[in-house]
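> Have a look at this one.
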Amino acid sequence: MTTTTTTPSHYEAHSAESYEEAYFYEPGAYMEHLADLTSDRLKLKDRATSGGDGVCRMLDLGGGTGNFAKLLLERHASLSLHVTVVDPFLDPTSKHTEQHDPNTNNSTSNTTLQFVKAPAEDLLRTHDDENDGNGDDAEWKRTFYDMVLLKEVAHHFDAADRVGIFRGIYQVLKPQQQAQQQSCSGISSTVLIITRPQIDIDYPIWNEARQVWKDNQPSVEEFCSDLKAAGFVNISHSVESYPCEIALTRWQSMIKGRFWSTFSNFTDDDLNIACERISQDYQDRIDEKGMIHFEDRLVFISARKE
């Protein structure tokens, strides 16, 4: 084992393809289920059907390849939804905008997907900061959004920066009166954090990895406290579980490939030994087809701008 903190090098070492090959990020039933839960928390169906004719803008912080944002766009094609994906490492091209229509190739589609290569920490500087820059790359911070999504990224924020980043998110969300009058059918401006529990996890991993996970994963209470400190109200959270089964050999390969930053804290030898331990320690979870079974648990934390 090398260290107990995660670093940007973990993400810089991955390509878009390596992420899409991981069970939790590939197209399929799991991702469809997650899209359902996210749509429900963000009330996307209500925004699409309640008669509003304004443009809804979503900021997807740490959205990587943008594939999850594309899935949301496909599911809500009737909603005039614009999504800006901001990510420091997995920007699929240096910067571009896609017109996305799941049914046709018509360039007049009302849904837009834009990518910006930048870290969430840029929100520590507000759009009013004179040092914020005047180029196109800073335009995303001068835009007001109806919703901000942080899917599996907020636990990577430095604890000392977290309230500041949340304050930056608060500032780029549309003011309450504007959100209710101008767009998205009067639904409040919302931030949604999707993360995982600090302690109560069911993944087939080993004790040292569980400790690294705990050391690097803030608790729900910490997230909620920081959101409150940043000015958010109506803060709520829930845990959603999903039964998973995956070939043991694939699970071991994902771990050796360090698909989660937790595993970047271990050497190749550490991971090889750990994967052997998994096959022994979790025999009761491995079926006759060589599939290992476990429960994925996701924490959904939502809050609104006052």
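Convention: chains lettered A, B, ... in structure tokens order; per-chain residue numbering from 1; ligands numbered from 1 as shown.
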Give me the residues within 8 Å of Leu61 of chain A as a VMD selection string, counting only C-alpha atoms and dropping any in the same chain fewer than 6 places off.
chain A and resid 85 to 87 120 148 to 151 153
> Per DSSP on the backbone, filter segment 151-265 of chain A down to the residues in alpha helix (DSSP H) and report them as a PyMOL selection string.
chain A and resi 159-172+176-182+207-216+220-229+248-256
> Write down as a PDB file with N, CA and C atoms, in the first residue's frame the residues of segment 229-278 of chain A whose backbone DSSP state falls under strand (DSSP E or B).

ATOM      1  N   VAL A 233     -30.953  25.314   1.334  1.00  0.00           N
ATOM      2  CA  VAL A 233     -32.053  24.959   2.227  1.00  0.00           C
ATOM      3  C   VAL A 233     -32.736  23.694   1.706  1.00  0.00           C
ATOM      4  N   ASN A 234     -33.685  23.195   2.471  1.00  0.00           N
ATOM      5  CA  ASN A 234     -34.436  21.987   2.089  1.00  0.00           C
ATOM      6  C   ASN A 234     -33.490  20.845   1.718  1.00  0.00           C
ATOM      7  N   ILE A 235     -32.511  20.627   2.563  1.00  0.00           N
ATOM      8  CA  ILE A 235     -31.503  19.592   2.319  1.00  0.00           C
ATOM      9  C   ILE A 235     -32.063  18.245   2.755  1.00  0.00           C
ATOM     10  N   SER A 236     -32.014  17.282   1.866  1.00  0.00           N
ATOM     11  CA  SER A 236     -32.518  15.949   2.188  1.00  0.00           C
ATOM     12  C   SER A 236     -31.606  14.902   1.561  1.00  0.00           C
ATOM     13  N   HIS A 237     -31.685  13.683   2.090  1.00  0.00           N
ATOM     14  CA  HIS A 237     -30.859  12.612   1.536  1.00  0.00           C
ATOM     15  C   HIS A 237     -31.550  11.272   1.700  1.00  0.00           C
ATOM     16  N   SER A 238     -31.187  10.352   0.848  1.00  0.00           N
ATOM     17  CA  SER A 238     -31.709   8.990   0.919  1.00  0.00           C
ATOM     18  C   SER A 238     -30.672   8.047   0.336  1.00  0.00           C
ATOM     19  N   VAL A 239     -30.786   6.780   0.680  1.00  0.00           N
ATOM     20  CA  VAL A 239     -29.895   5.754   0.155  1.00  0.00           C
ATOM     21  C   VAL A 239     -30.701   4.831  -0.757  1.00  0.00           C
ATOM     22  N   GLU A 240     -30.180   4.596  -1.943  1.00  0.00           N
ATOM     23  CA  GLU A 240     -30.819   3.704  -2.906  1.00  0.00           C
ATOM     24  C   GLU A 240     -29.893   2.513  -3.152  1.00  0.00           C
ATOM     25  N   SER A 241     -30.465   1.316  -3.092  1.00  0.00           N
ATOM     26  CA  SER A 241     -29.676   0.096  -3.269  1.00  0.00           C
ATOM     27  C   SER A 241     -30.011  -0.574  -4.599  1.00  0.00           C
ATOM     28  N   TYR A 242     -29.027  -1.246  -5.144  1.00  0.00           N
ATOM     29  CA  TYR A 242     -29.221  -1.944  -6.415  1.00  0.00           C
ATOM     30  C   TYR A 242     -28.446  -3.252  -6.363  1.00  0.00           C
ATOM     31  N   PRO A 243     -29.133  -4.391  -6.602  1.00  0.00           N
ATOM     32  CA  PRO A 243     -28.433  -5.683  -6.567  1.00  0.00           C
ATOM     33  C   PRO A 243     -27.563  -5.863  -7.807  1.00  0.00           C
ATOM     34  N   CYS A 244     -26.311  -6.170  -7.594  1.00  0.00           N
ATOM     35  CA  CYS A 244     -25.359  -6.310  -8.690  1.00  0.00           C
ATOM     36  C   CYS A 244     -24.819  -7.732  -8.768  1.00  0.00           C
ATOM     37  N   GLU A 245     -24.550  -8.167  -9.963  1.00  0.00           N
ATOM     38  CA  GLU A 245     -23.811  -9.407 -10.169  1.00  0.00           C
ATOM     39  C   GLU A 245     -22.863  -9.203 -11.337  1.00  0.00           C
ATOM     40  N   ILE A 246     -21.665  -9.669 -11.172  1.00  0.00           N
ATOM     41  CA  ILE A 246     -20.621  -9.444 -12.157  1.00  0.00           C
ATOM     42  C   ILE A 246     -19.658 -10.621 -12.095  1.00  0.00           C
ATOM     43  N   ALA A 247     -19.099 -10.987 -13.218  1.00  0.00           N
ATOM     44  CA  ALA A 247     -18.142 -12.087 -13.220  1.00  0.00           C
ATOM     45  C   ALA A 247     -16.985 -11.758 -12.280  1.00  0.00           C
TER      46      ALA A 247
END
> List the spatial neighbours of Ala159 of chain A as a PDB file with all heavy atoms, in the first residue's frame - criterion: any atom at most 9 Å away, only C-alpha atoms, same-chain residues fewer than 4 positions off excluded.

ATOM      1  N   HIS A 155     -16.922  13.707  -3.338  1.00  0.00           N
ATOM      2  CA  HIS A 155     -16.040  13.157  -2.299  1.00  0.00           C
ATOM      3  C   HIS A 155     -14.570  13.428  -2.602  1.00  0.00           C
ATOM      4  O   HIS A 155     -13.716  13.258  -1.736  1.00  0.00           O
ATOM      5  CB  HIS A 155     -16.271  11.652  -2.132  1.00  0.00           C
ATOM      6  CG  HIS A 155     -15.961  10.833  -3.341  1.00  0.00           C
ATOM      7  ND1 HIS A 155     -16.774  10.806  -4.457  1.00  0.00           N
ATOM      8  CD2 HIS A 155     -14.927  10.008  -3.620  1.00  0.00           C
ATOM      9  CE1 HIS A 155     -16.259   9.996  -5.361  1.00  0.00           C
ATOM     10  NE2 HIS A 155     -15.135   9.503  -4.881  1.00  0.00           N
ATOM     11  N   VAL A 163     -16.989  23.763   1.170  1.00  0.00           N
ATOM     12  CA  VAL A 163     -17.995  24.809   1.366  1.00  0.00           C
ATOM     13  C   VAL A 163     -17.846  25.884   0.297  1.00  0.00           C
ATOM     14  O   VAL A 163     -18.846  26.375  -0.252  1.00  0.00           O
ATOM     15  CB  VAL A 163     -17.886  25.430   2.774  1.00  0.00           C
ATOM     16  CG1 VAL A 163     -18.808  26.645   2.891  1.00  0.00           C
ATOM     17  CG2 VAL A 163     -18.252  24.409   3.838  1.00  0.00           C
ATOM     18  N   PRO A 218     -16.306  11.439   2.545  1.00  0.00           N
ATOM     19  CA  PRO A 218     -16.997  12.199   3.599  1.00  0.00           C
ATOM     20  C   PRO A 218     -18.330  11.545   3.956  1.00  0.00           C
ATOM     21  O   PRO A 218     -18.946  10.861   3.126  1.00  0.00           O
ATOM     22  CB  PRO A 218     -17.207  13.575   2.959  1.00  0.00           C
ATOM     23  CG  PRO A 218     -16.215  13.640   1.834  1.00  0.00           C
ATOM     24  CD  PRO A 218     -16.085  12.241   1.335  1.00  0.00           C
TER      25      PRO A 218
END
> If you measure from atom CA of Asp122 of chain A to atom CA of Tyr25 of chain A, what distance in Å do you get, rounded to one decimal?
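Separation between atom CA of Asp122 of chain A and atom CA of Tyr25 of chain A: 25.5 Å.
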